[in-house]
file my_file.json (JSON, C-alpha atoms)
[["chain", "number", "residue", "atom", "x", "y", "z"],
["A", 12, "MET", "CA", 160.08, 72.02, 85.61],
["A", 13, "ALA", "CA", 159.87, 73.69, 89.03],
["A", 14, "THR", "CA", 156.12, 74.13, 88.65],
["A", 15, "THR", "CA", 155.73, 70.45, 87.78],
["A", 16, "LEU", "CA", 157.75, 69.39, 90.83],
["A", 17, "THR", "CA", 155.79, 71.71, 93.12],
["A", 18, "SER", "CA", 152.49, 70.39, 91.79],
["A", 19, "ALA", "CA", 153.68, 66.81, 92.25],
["A", 20, "ARG", "CA", 154.64, 67.46, 95.87],
["A", 21, "THR", "CA", 151.36, 69.17, 96.79],
["A", 22, "GLY", "CA", 149.24, 66.80, 94.76],
["A", 23, "LYS", "CA", 147.05, 69.68, 93.47],
["A", 24, "PRO", "CA", 146.85, 70.94, 89.90],
["A", 25, "PRO", "CA", 148.15, 74.49, 89.44],
["A", 26, "GLY", "CA", 145.20, 75.78, 87.41],
["A", 27, "PRO", "CA", 141.97, 75.49, 89.39],
["A", 28, "ALA", "CA", 143.20, 77.13, 92.62],
["A", 29, "PRO", "CA", 143.57, 80.66, 91.18],
["A", 30, "ALA", "CA", 140.23, 80.23, 89.43],
["A", 31, "ARG", "CA", 138.57, 79.24, 92.70],
["A", 32, "ARG", "CA", 140.14, 82.21, 94.46],
["A", 33, "ALA", "CA", 138.91, 84.55, 91.72],
["A", 34, "ARG", "CA", 135.38, 83.15, 92.02],
["A", 35, "ARG", "CA", 135.45, 83.57, 95.80],
["A", 36, "ASN", "CA", 136.71, 87.14, 95.47],
["A", 37, "GLY", "CA", 134.02, 87.90, 92.89],
["A", 38, "SER", "CA", 131.30, 86.40, 95.10],
["A", 39, "GLY", "CA", 132.54, 88.39, 98.09],
["A", 40, "ALA", "CA", 132.55, 91.64, 96.12],
["A", 41, "ALA", "CA", 129.04, 90.96, 94.82],
["A", 42, "ALA", "CA", 127.83, 90.24, 98.36],
["A", 43, "VAL", "CA", 129.31, 93.50, 99.64],
["A", 44, "LEU", "CA", 127.75, 95.51, 96.81],
["A", 45, "MET", "CA", 124.34, 93.85, 97.20],
["A", 46, "ALA", "CA", 124.25, 94.08, 100.99],
["A", 47, "PRO", "CA", 122.80, 97.64, 101.11],
["A", 48, "PHE", "CA", 120.02, 96.63, 98.72],
["A", 49, "PHE", "CA", 119.05, 93.56, 100.72],
["A", 50, "GLY", "CA", 119.30, 95.56, 103.95],
["A", 51, "LEU", "CA", 116.88, 98.16, 102.65],
["A", 52, "LEU", "CA", 114.62, 95.45, 101.21],
["A", 53, "VAL", "CA", 114.34, 93.80, 104.61],
["A", 54, "ALA", "CA", 113.98, 97.09, 106.53],
["A", 55, "VAL", "CA", 111.45, 98.92, 104.36],
["A", 56, "PHE", "CA", 109.54, 96.04, 102.73],
["A", 57, "LEU", "CA", 109.79, 92.60, 104.31],
["A", 58, "ILE", "CA", 109.53, 93.72, 107.95],
["A", 59, "PRO", "CA", 106.55, 96.08, 107.34],
["A", 60, "VAL", "CA", 104.80, 93.38, 105.30],
["A", 61, "GLY", "CA", 105.38, 90.87, 108.07],
["A", 62, "ILE", "CA", 104.00, 93.28, 110.67],
["A", 63, "ALA", "CA", 100.94, 93.97, 108.49],
["A", 64, "VAL", "CA", 100.27, 90.25, 108.05],
["A", 65, "TRP", "CA", 100.63, 89.73, 111.80],
["A", 66, "LEU", "CA", 98.28, 92.61, 112.66],
["A", 67, "SER", "CA", 95.68, 91.39, 110.17],
["A", 68, "PHE", "CA", 95.06, 88.29, 112.31],
["A", 69, "PHE", "CA", 94.22, 90.31, 115.42],
["A", 70, "GLY", "CA", 91.40, 92.67, 116.32],
["A", 71, "ALA", "CA", 89.92, 94.59, 119.22],
["A", 72, "ASP", "CA", 87.17, 92.90, 121.23],
["A", 73, "ARG", "CA", 85.31, 93.53, 124.49],
["A", 74, "PRO", "CA", 85.01, 90.76, 127.06],
["A", 75, "GLY", "CA", 81.75, 89.36, 128.35],
["A", 76, "LEU", "CA", 78.70, 91.49, 127.62],
["A", 77, "GLY", "CA", 80.75, 94.22, 126.02],
["A", 78, "ILE", "CA", 81.50, 95.91, 129.34],
["A", 79, "GLY", "CA", 85.08, 96.79, 130.09],
["A", 80, "PRO", "CA", 88.15, 97.88, 128.15],
["A", 81, "GLU", "CA", 88.89, 96.55, 124.71],
["A", 82, "ARG", "CA", 91.52, 93.88, 124.35],
["A", 83, "THR", "CA", 93.41, 92.55, 121.37],
["A", 84, "VAL", "CA", 92.41, 89.02, 120.46],
["A", 85, "PHE", "CA", 93.22, 86.61, 117.67],
["A", 86, "VAL", "CA", 90.46, 86.77, 115.03],
["A", 87, "GLY", "CA", 91.98, 84.68, 112.25],
["A", 88, "LEU", "CA", 90.67, 85.59, 108.80],
["A", 89, "ARG", "CA", 87.76, 87.64, 110.11],
["A", 90, "SER", "CA", 89.33, 90.94, 109.03],
["A", 91, "TYR", "CA", 89.93, 89.63, 105.51],
["A", 92, "ALA", "CA", 86.31, 88.48, 105.27],
["A", 93, "ALA", "CA", 85.14, 91.88, 106.48],
["A", 94, "VAL", "CA", 87.22, 93.70, 103.88],
["A", 95, "LEU", "CA", 86.21, 91.47, 100.98],
["A", 96, "THR", "CA", 82.51, 91.76, 101.83],
["A", 97, "ASP", "CA", 82.56, 95.50, 102.49],
["A", 98, "PRO", "CA", 80.72, 97.31, 99.64],
["A", 99, "THR", "CA", 82.78, 100.45, 100.19],
["A", 100, "PHE", "CA", 86.04, 98.55, 99.69],
["A", 101, "LEU", "CA", 84.73, 96.80, 96.58],
["A", 102, "GLY", "CA", 83.55, 100.17, 95.27],
["A", 103, "SER", "CA", 87.00, 101.66, 95.86],
["A", 104, "VAL", "CA", 88.55, 98.78, 93.90],
["A", 105, "GLY", "CA", 86.16, 99.50, 91.03],
["A", 106, "THR", "CA", 87.12, 103.18, 91.12],
["A", 107, "VAL", "CA", 90.82, 102.37, 90.90],
["A", 108, "ALA", "CA", 90.17, 99.86, 88.10],
["A", 109, "LEU", "CA", 88.41, 102.55, 86.06],
["A", 110, "TYR", "CA", 91.21, 104.97, 86.91],
["A", 111, "CYS", "CA", 93.79, 102.48, 85.58],
["A", 112, "VAL", "CA", 91.83, 101.98, 82.36],
["A", 113, "ILE", "CA", 92.00, 105.74, 81.69],
["A", 114, "TYR", "CA", 95.35, 106.62, 83.22],
["A", 115, "ILE", "CA", 97.74, 103.88, 82.11],
["A", 116, "PRO", "CA", 97.08, 104.13, 78.32],
["A", 117, "LEU", "CA", 97.38, 107.91, 78.52],
["A", 118, "MET", "CA", 100.72, 107.71, 80.30],
["A", 119, "VAL", "CA", 102.18, 105.12, 77.93],
["A", 120, "VAL", "CA", 100.85, 106.46, 74.62],
["A", 121, "CYS", "CA", 101.38, 110.17, 75.34],
["A", 122, "GLY", "CA", 104.80, 109.60, 76.91],
["A", 123, "LEU", "CA", 106.00, 107.52, 73.95],
["A", 124, "ALA", "CA", 104.55, 109.99, 71.42],
["A", 125, "LEU", "CA", 106.31, 112.95, 73.05],
["A", 126, "ALA", "CA", 109.58, 111.03, 73.29],
["A", 127, "LEU", "CA", 109.37, 110.08, 69.60],
["A", 128, "LEU", "CA", 108.68, 113.71, 68.77],
["A", 129, "LEU", "CA", 111.73, 114.84, 70.71],
["A", 130, "ASP", "CA", 113.89, 112.12, 69.16],
["A", 131, "SER", "CA", 112.78, 113.01, 65.64],
["A", 132, "GLY", "CA", 114.43, 116.41, 65.83],
["A", 133, "ALA", "CA", 111.21, 118.20, 64.88],
["A", 134, "VAL", "CA", 111.18, 120.07, 68.20],
["A", 135, "ARG", "CA", 113.42, 123.08, 68.50],
["A", 136, "LEU", "CA", 115.09, 123.90, 71.82],
["A", 137, "ARG", "CA", 114.95, 120.24, 72.75],
["A", 138, "ALA", "CA", 116.61, 120.74, 76.14],
["A", 139, "VAL", "CA", 114.07, 123.42, 77.08],
["A", 140, "ALA", "CA", 111.22, 121.15, 76.00],
["A", 141, "GLN", "CA", 112.60, 118.28, 78.09],
["A", 142, "LEU", "CA", 112.92, 120.56, 81.11],
["A", 143, "GLY", "CA", 109.39, 121.84, 80.65],
["A", 144, "LEU", "CA", 108.01, 118.31, 80.48],
["A", 145, "PHE", "CA", 110.01, 117.05, 83.46],
["A", 146, "LEU", "CA", 109.54, 120.08, 85.72],
["A", 147, "PRO", "CA", 106.00, 119.12, 86.92],
["A", 148, "HIS", "CA", 107.40, 115.79, 88.14],
["A", 149, "ALA", "CA", 109.73, 117.73, 90.46],
["A", 150, "VAL", "CA", 106.74, 119.34, 92.16],
["A", 151, "PRO", "CA", 105.70, 117.32, 95.26],
["A", 152, "GLY", "CA", 102.38, 115.52, 94.88],
["A", 153, "ILE", "CA", 100.74, 117.48, 97.69],
["A", 154, "ILE", "CA", 101.74, 120.82, 96.16],
["A", 155, "ALA", "CA", 100.51, 119.70, 92.73],
["A", 156, "GLY", "CA", 97.21, 118.61, 94.27],
["A", 157, "ILE", "CA", 96.78, 121.99, 95.98],
["A", 158, "ILE", "CA", 97.51, 123.83, 92.72],
["A", 159, "TRP", "CA", 94.91, 121.85, 90.80],
["A", 160, "LEU", "CA", 92.44, 122.07, 93.69],
["A", 161, "TYR", "CA", 92.65, 125.84, 93.31],
["A", 162, "LEU", "CA", 92.06, 125.54, 89.57],
["A", 163, "TYR", "CA", 89.14, 123.14, 90.04],
["A", 164, "THR", "CA", 87.24, 124.92, 92.82],
["A", 165, "PRO", "CA", 84.32, 127.14, 91.68],
["A", 166, "GLY", "CA", 84.45, 130.71, 92.87],
["A", 167, "ILE", "CA", 88.24, 130.96, 92.97],
["A", 168, "SER", "CA", 89.31, 129.17, 89.80],
["A", 169, "PRO", "CA", 90.40, 131.53, 86.99],
["A", 170, "ILE", "CA", 89.72, 128.78, 84.43],
["A", 171, "ILE", "CA", 86.10, 128.35, 85.50],
["A", 172, "ALA", "CA", 85.64, 132.14, 85.63],
["A", 173, "LEU", "CA", 87.08, 132.50, 82.12],
["A", 174, "PHE", "CA", 84.72, 129.93, 80.64],
["A", 175, "ALA", "CA", 81.80, 131.41, 82.58],
["A", 176, "LYS", "CA", 82.24, 134.65, 80.62],
["A", 177, "GLY", "CA", 81.38, 132.66, 77.49],
["A", 178, "ASP", "CA", 78.36, 131.06, 79.18],
["A", 179, "ILE", "CA", 80.22, 127.73, 79.49],
["A", 180, "THR", "CA", 79.73, 125.97, 82.80],
["A", 181, "LEU", "CA", 82.48, 123.68, 83.99],
["A", 182, "ASP", "CA", 82.25, 121.43, 87.02],
["A", 183, "PHE", "CA", 85.59, 119.69, 87.40],
["A", 184, "LEU", "CA", 84.50, 118.15, 90.70],
["A", 185, "GLY", "CA", 81.11, 116.87, 89.54],
["A", 186, "VAL", "CA", 80.01, 113.27, 89.59],
["A", 187, "HIS", "CA", 81.04, 112.60, 85.98],
["A", 188, "ALA", "CA", 84.19, 114.75, 85.89],
["A", 189, "VAL", "CA", 85.90, 114.12, 89.21],
["A", 190, "LEU", "CA", 87.74, 110.97, 88.09],
["A", 191, "PRO", "CA", 89.04, 112.55, 84.84],
["A", 192, "SER", "CA", 90.12, 115.52, 86.95],
["A", 193, "ILE", "CA", 92.17, 113.21, 89.16],
["A", 194, "VAL", "CA", 93.65, 111.55, 86.06],
["A", 195, "ASN", "CA", 94.60, 114.98, 84.72],
["A", 196, "ILE", "CA", 96.56, 115.80, 87.90],
["A", 197, "ALA", "CA", 98.42, 112.48, 87.78],
["A", 198, "VAL", "CA", 99.23, 112.81, 84.08],
["A", 199, "TRP", "CA", 100.47, 116.39, 84.53],
["A", 200, "SER", "CA", 102.71, 115.30, 87.41],
["A", 201, "ASN", "CA", 104.19, 112.09, 86.02],
["A", 202, "LEU", "CA", 104.16, 112.31, 82.23],
["A", 203, "GLY", "CA", 107.54, 114.02, 82.00],
["A", 204, "TYR", "CA", 109.24, 111.23, 83.94],
["A", 205, "ASN", "CA", 108.01, 108.64, 81.45],
["A", 206, "VAL", "CA", 109.09, 110.83, 78.55],
["A", 207, "VAL", "CA", 112.64, 110.82, 79.96],
["A", 208, "ILE", "CA", 112.63, 107.00, 80.19],
["A", 209, "PHE", "CA", 111.34, 106.59, 76.64],
["A", 210, "TYR", "CA", 113.74, 109.21, 75.27],
["A", 211, "ALA", "CA", 116.73, 107.48, 76.89],
["A", 212, "ALA", "CA", 115.62, 104.15, 75.38],
["A", 213, "LEU", "CA", 115.25, 105.74, 71.94],
["A", 214, "LYS", "CA", 118.74, 107.20, 72.16],
["A", 215, "ALA", "CA", 120.12, 103.70, 72.78],
["A", 216, "ILE", "CA", 118.84, 102.46, 69.39],
["A", 217, "PRO", "CA", 121.78, 101.90, 67.02],
["A", 218, "PRO", "CA", 121.76, 104.60, 64.33],
["A", 219, "GLU", "CA", 122.44, 101.97, 61.66],
["A", 220, "ILE", "CA", 118.93, 100.61, 62.10],
["A", 221, "ILE", "CA", 117.36, 104.03, 61.59],
["A", 222, "GLU", "CA", 119.55, 104.69, 58.57],
["A", 223, "ALA", "CA", 118.54, 101.33, 57.08],
["A", 224, "SER", "CA", 114.84, 102.17, 57.47],
["A", 225, "VAL", "CA", 115.38, 105.53, 55.76],
["A", 226, "VAL", "CA", 117.22, 103.82, 52.90],
["A", 227, "ASP", "CA", 114.27, 101.43, 52.53],
["A", 228, "GLY", "CA", 112.04, 104.43, 51.99],
["A", 229, "ALA", "CA", 110.33, 104.66, 55.38],
["A", 230, "GLY", "CA", 109.13, 108.13, 56.32],
["A", 231, "GLY", "CA", 109.34, 109.74, 59.73],
["A", 232, "VAL", "CA", 106.01, 108.47, 61.02],
["A", 233, "ARG", "CA", 106.53, 104.95, 59.71],
["A", 234, "THR", "CA", 110.03, 104.81, 61.19],
["A", 235, "ALA", "CA", 108.70, 105.94, 64.55],
["A", 236, "VAL", "CA", 105.78, 103.50, 64.65],
["A", 237, "GLN", "CA", 107.24, 100.41, 62.96],
["A", 238, "VAL", "CA", 110.93, 100.67, 63.80],
["A", 239, "LYS", "CA", 111.58, 102.74, 66.91],
["A", 240, "ALA", "CA", 108.54, 101.82, 69.01],
["A", 241, "PRO", "CA", 109.09, 98.01, 68.78],
["A", 242, "LEU", "CA", 112.75, 98.46, 69.71],
["A", 243, "VAL", "CA", 111.87, 100.19, 73.00],
["A", 244, "ARG", "CA", 109.36, 97.52, 73.98],
["A", 245, "SER", "CA", 111.17, 96.77, 77.25],
["A", 246, "ALA", "CA", 110.89, 100.44, 78.26],
["A", 247, "ILE", "CA", 107.18, 100.41, 77.41],
["A", 248, "VAL", "CA", 106.65, 97.36, 79.63],
["A", 249, "MET", "CA", 108.61, 98.95, 82.49],
["A", 250, "VAL", "CA", 106.66, 102.21, 82.27],
["A", 251, "ALA", "CA", 103.34, 100.37, 82.11],
["A", 252, "MET", "CA", 104.22, 98.27, 85.16],
["A", 253, "PHE", "CA", 105.44, 101.22, 87.25],
["A", 254, "THR", "CA", 102.37, 103.21, 86.26],
["A", 255, "LEU", "CA", 100.12, 100.31, 87.25],
["A", 256, "ILE", "CA", 101.78, 99.98, 90.65],
["A", 257, "ALA", "CA", 101.47, 103.72, 91.29],
["A", 258, "ALA", "CA", 97.84, 103.77, 90.12],
["A", 259, "LEU", "CA", 96.82, 101.01, 92.54],
["A", 260, "GLN", "CA", 98.15, 103.18, 95.39],
["A", 261, "LEU", "CA", 96.14, 106.27, 94.39],
["A", 262, "PHE", "CA", 95.79, 108.44, 97.49],
["A", 263, "THR", "CA", 97.15, 111.99, 97.45],
["A", 264, "GLU", "CA", 95.03, 113.54, 94.68],
["A", 265, "PRO", "CA", 91.59, 112.26, 95.78],
["A", 266, "MET", "CA", 92.40, 112.94, 99.44],
["A", 267, "LEU", "CA", 93.06, 116.61, 98.69],
["A", 268, "LEU", "CA", 90.11, 116.99, 96.31],
["A", 269, "SER", "CA", 87.78, 115.43, 98.90],
["A", 270, "GLN", "CA", 88.03, 118.69, 100.84],
["A", 271, "SER", "CA", 86.06, 120.49, 98.11],
["A", 272, "THR", "CA", 83.60, 117.93, 96.77],
["A", 273, "PRO", "CA", 81.21, 115.40, 98.30],
["A", 274, "MET", "CA", 81.78, 113.13, 95.27],
["A", 275, "ILE", "CA", 84.94, 111.81, 96.91],
["A", 276, "GLY", "CA", 84.27, 109.98, 100.13],
["A", 277, "SER", "CA", 86.70, 108.94, 102.83],
["A", 278, "ARG", "CA", 86.95, 105.46, 101.25],
["A", 279, "TYR", "CA", 87.14, 106.49, 97.60],
["A", 280, "THR", "CA", 90.21, 104.35, 96.83],
["A", 281, "PRO", "CA", 91.70, 101.29, 98.59],
["A", 282, "SER", "CA", 94.50, 103.42, 100.05],
["A", 283, "MET", "CA", 91.95, 105.89, 101.42],
["A", 284, "TYR", "CA", 89.98, 102.94, 102.81],
["A", 285, "ILE", "CA", 93.11, 101.75, 104.63],
["A", 286, "PHE", "CA", 93.80, 105.26, 105.96],
["A", 287, "ASP", "CA", 90.22, 105.61, 107.18],
["A", 288, "ALA", "CA", 90.23, 102.19, 108.85],
["A", 289, "ALA", "CA", 93.52, 102.86, 110.67],
["A", 290, "PHE", "CA", 93.29, 106.53, 111.69],
["A", 291, "THR", "CA", 89.56, 107.28, 111.75],
["A", 292, "ARG", "CA", 88.04, 104.01, 112.96],
["A", 293, "ASN", "CA", 91.20, 102.86, 114.81],
["A", 294, "ASN", "CA", 90.74, 99.35, 113.40],
["A", 295, "TYR", "CA", 94.33, 98.41, 112.68],
["A", 296, "GLY", "CA", 93.51, 94.76, 111.98],
["A", 297, "LEU", "CA", 91.07, 95.77, 109.25],
["A", 298, "ALA", "CA", 93.56, 98.25, 107.81],
["A", 299, "ALA", "CA", 96.32, 95.64, 107.83],
["A", 300, "ALA", "CA", 94.09, 93.09, 106.09],
["A", 301, "ALA", "CA", 93.15, 95.60, 103.40],
["A", 302, "SER", "CA", 96.84, 96.47, 102.95],
["A", 303, "VAL", "CA", 97.77, 92.80, 102.48],
["A", 304, "ILE", "CA", 94.94, 92.33, 99.96],
["A", 305, "LEU", "CA", 96.11, 95.40, 98.03],
["A", 306, "LEU", "CA", 99.70, 94.10, 98.07],
["A", 307, "ILE", "CA", 98.60, 90.69, 96.76],
["A", 308, "CYS", "CA", 96.59, 92.32, 93.97],
["A", 309, "THR", "CA", 99.57, 94.51, 93.02],
["A", 310, "ILE", "CA", 101.98, 91.57, 92.90],
["A", 311, "ALA", "CA", 99.52, 89.41, 90.94],
["A", 312, "LEU", "CA", 98.82, 92.13, 88.36],
["A", 313, "SER", "CA", 102.52, 92.94, 87.96],
["A", 314, "TYR", "CA", 103.32, 89.27, 87.48],
["A", 315, "GLY", "CA", 100.48, 88.95, 84.96],
["A", 316, "VAL", "CA", 101.72, 91.93, 82.96],
["A", 317, "THR", "CA", 105.25, 90.50, 82.93],
["A", 318, "ARG", "CA", 104.14, 87.05, 81.79],
["A", 319, "TRP", "CA", 101.82, 88.46, 79.13],
["A", 320, "THR", "CA", 104.49, 90.76, 77.69],
["A", 321, "ASN", "CA", 107.10, 88.00, 77.69],
["A", 322, "ARG", "CA", 104.74, 85.64, 75.90],
["A", 323, "THR", "CA", 103.82, 88.32, 73.38],
["A", 324, "GLY", "CA", 107.50, 89.02, 72.78],
["A", 325, "GLU", "CA", 108.27, 85.35, 72.16],
["A", 326, "GLU", "CA", 105.42, 85.05, 69.69],
["A", 327, "THR", "CA", 106.58, 88.19, 67.88],
["A", 328, "ALA", "CA", 110.15, 86.85, 67.69],
["A", 329, "ARG", "CA", 108.89, 83.63, 66.12]]
call {"tool": "encode", "arguments": {"input": "my_file.json", "output": "structure tokens"}}
result
Amino acid sequence: MATTLTSARTGKPPGPAPARRARRNGSGAAAVLMAPFFGLLVAVFLIPVGIAVWLSFFGADRPGLGIGPERTVFVGLRSYAAVLTDPTFLGSVGTVALYCVIYIPLMVVCGLALALLLDSGAVRLRAVAQLGLFLPHAVPGIIAGIIWLYLYTPGISPIIALFAKGDITLDFLGVHAVLPSIVNIAVWSNLGYNVVIFYAALKAIPPEIIEASVVDGAGGVRTAVQVKAPLVRSAIVMVAMFTLIAALQLFTEPMLLSQSTPMIGSRYTPSMYIFDAAFTRNNYGLAAAASVILLICTIALSYGVTRWTNRTGEETAR
């Protein structure tokens, strides 16, 4: 009765007010929790991208007959045209495309196969096996590159010396083997990380589904291929996308190997092209334009992979 009288005096229903307060409190808590993420997003992504876009529209030029100090002038899209018509940049894009064709399937297929093997229980000392697979990922990329550079370099490599005793000549840094050698370094460094992601996804599969497949007469291989693998499809898509993004930024491995082979030039990959333009040729506008082009390609390919996988998933569900 008191509640009715109070509501009549205020003219407001008693129910919605607490609900509105709860929504406001929930929105405030979400804003506080998301603030660090958006702060980092602005600081380490949006601001650098904005600066790169700004720099890409400017370039160094000399006044008059080319006599006098250089000055920074607005050049519009000239840097983008220079990048897109540069044969060395287009060649670096082709190199990375071939690298992705080799590297991404290896990372996805081998990582999933090893995770399925660990999940099957066929591997003894599972914790030791997981540690052994993940340990190379803990090695910094520069250190891993130096280790493999030692193993690839003729004259100091114990692997090459061992095969030479059997009259087998290996040239890991030759024209036909240098790209597979780079792929080998990347796979050795990053495969264990993907195995951990796949293994965690496999552990989240309800055991009832696996038991039902066993009751239906499915063997270990069939269960792994036809039951477990489709259920971790989201993890496969995530690994493929992260691997694609990392592959497009290939830099550390070829930069280190370029010290020992002429097959890797200073503009071997787009990232090396950007580094060379900025710190060797001091053309920051060209480097910024190439960076923006690489960013656009990365976003477009990631979006394409997402749309294609979502469409494939919908068709499979139907």
call {"tool": "closest_atom_pairs", "arguments": {"input": "my_file.json", "of": "stretch 46-133 of chain A", "to": "stretch 211-228 of chain A", "cutoff": "9 Å", "atoms": "all atoms listed in the file", "output": "Markdown table"}}
result
| residue | atom | partner | partner_atom | distance |
| --- | --- | --- | --- | --- |
| A:Ala126 | CA | A:Leu213 | CA | 7.9 |
| A:Leu127 | CA | A:Leu213 | CA | 7.7 |
| A:Asp130 | CA | A:Leu213 | CA | 7.1 |
call {"tool": "closest_residue", "arguments": {"input": "my_file.json", "among": "A:Ser245, A:Ser269, A:Asn201, A:Thr180", "to": "A:Cys121", "atoms": "all atoms listed in the file"}}
result
A:Asn201
call {"tool": "atom_distance", "arguments": {"input": "my_file.json", "atom1": "atom CA of A:Arg89", "atom2": "atom CA of A:Ile304"}}
result
13.3 Å
call {"tool": "atom_distance", "arguments": {"input": "my_file.json", "atom1": "atom CA of A:Phe253", "atom2": "atom CA of A:Val316"}}
result
10.9 Å
call {"tool": "residues_around", "arguments": {"input": "my_file.json", "residues": "A:Ser313", "least_positions_apart": "2", "cutoff": "9 Å", "atoms": "only C-alpha atoms", "output": "compact mmCIF listing (two decimals) with C-alpha atoms, in the frame of the given file"}}
result
# COMPACT_ATOMS: atom_id res chain seq x y z
CA MET A 252 104.22 98.27 85.16
CA PHE A 253 105.44 101.22 87.25
CA LEU A 255 100.12 100.31 87.25
CA ILE A 256 101.78 99.98 90.65
CA CYS A 308 96.59 92.32 93.97
CA THR A 309 99.57 94.51 93.02
CA ILE A 310 101.98 91.57 92.90
CA ALA A 311 99.52 89.41 90.94
CA GLY A 315 100.48 88.95 84.96
CA VAL A 316 101.72 91.93 82.96
CA THR A 317 105.25 90.50 82.93
CA ARG A 318 104.14 87.05 81.79
call {"tool": "residues_around", "arguments": {"input": "my_file.json", "residues": "stretch 54-60 of chain A", "least_positions_apart": "5", "cutoff": "9 Å", "atoms": "only C-alpha atoms", "output": "PyMOL selection string"}}
result
chain A and resi 49+65+302-303+306
call {"tool": "build_atoms", "arguments": {"input": "my_file.json", "residues": "stretch 263-280 of chain A", "atoms": "N, CA and C atoms", "output": "mmCIF file, in the frame of the given file"}}
result
data_model
loop_
_atom_site.group_PDB
_atom_site.id
_atom_site.type_symbol
_atom_site.label_atom_id
_atom_site.label_comp_id
_atom_site.auth_asym_id
_atom_site.auth_seq_id
_atom_site.Cartn_x
_atom_site.Cartn_y
_atom_site.Cartn_z
ATOM 1 N N THR A 263 96.942 110.580 97.188
ATOM 2 C CA THR A 263 97.150 111.990 97.450
ATOM 3 C C THR A 263 96.117 112.864 96.750
ATOM 4 N N GLU A 264 95.932 112.668 95.445
ATOM 5 C CA GLU A 264 95.030 113.540 94.680
ATOM 6 C C GLU A 264 93.587 113.471 95.167
ATOM 7 N N PRO A 265 92.978 112.269 95.295
ATOM 8 C CA PRO A 265 91.590 112.260 95.780
ATOM 9 C C PRO A 265 91.464 112.718 97.229
ATOM 10 N N MET A 266 92.474 112.488 98.054
ATOM 11 C CA MET A 266 92.400 112.940 99.440
ATOM 12 C C MET A 266 92.329 114.459 99.520
ATOM 13 N N LEU A 267 93.101 115.143 98.685
ATOM 14 C CA LEU A 267 93.060 116.610 98.690
ATOM 15 C C LEU A 267 91.764 117.129 98.073
ATOM 16 N N LEU A 268 91.338 116.524 96.957
ATOM 17 C CA LEU A 268 90.110 116.990 96.310
ATOM 18 C C LEU A 268 88.875 116.707 97.148
ATOM 19 N N SER A 269 88.948 115.747 98.066
ATOM 20 C CA SER A 269 87.780 115.430 98.900
ATOM 21 C C SER A 269 87.414 116.583 99.819
ATOM 22 N N GLN A 270 88.337 117.538 100.001
ATOM 23 C CA GLN A 270 88.030 118.690 100.840
ATOM 24 C C GLN A 270 87.063 119.658 100.167
ATOM 25 N N SER A 271 86.892 119.524 98.841
ATOM 26 C CA SER A 271 86.060 120.490 98.110
ATOM 27 C C SER A 271 84.882 119.868 97.390
ATOM 28 N N THR A 272 84.713 118.559 97.469
ATOM 29 C CA THR A 272 83.600 117.930 96.770
ATOM 30 C C THR A 272 83.080 116.742 97.559
ATOM 31 N N PRO A 273 81.769 116.583 97.626
ATOM 32 C CA PRO A 273 81.210 115.400 98.300
ATOM 33 C C PRO A 273 81.266 114.151 97.420
ATOM 34 N N MET A 274 81.698 114.283 96.161
ATOM 35 C CA MET A 274 81.780 113.130 95.270
ATOM 36 C C MET A 274 82.903 112.179 95.643
ATOM 37 N N ILE A 275 83.830 112.652 96.469
ATOM 38 C CA ILE A 275 84.940 111.810 96.910
ATOM 39 C C ILE A 275 84.771 111.562 98.402
ATOM 40 N N GLY A 276 84.437 110.336 98.737
ATOM 41 C CA GLY A 276 84.270 109.980 100.130
ATOM 42 C C GLY A 276 85.579 109.614 100.794
ATOM 43 N N SER A 277 85.500 109.286 102.069
ATOM 44 C CA SER A 277 86.700 108.940 102.830
ATOM 45 C C SER A 277 87.264 107.582 102.440
ATOM 46 N N ARG A 278 86.483 106.777 101.677
ATOM 47 C CA ARG A 278 86.950 105.460 101.250
ATOM 48 C C ARG A 278 86.883 105.349 99.723
ATOM 49 N N TYR A 279 87.272 106.408 99.056
ATOM 50 C CA TYR A 279 87.140 106.490 97.600
ATOM 51 C C TYR A 279 88.050 105.517 96.886
ATOM 52 N N THR A 280 89.250 105.291 97.406
ATOM 53 C CA THR A 280 90.210 104.350 96.830
ATOM 54 C C THR A 280 90.633 103.359 97.923
#
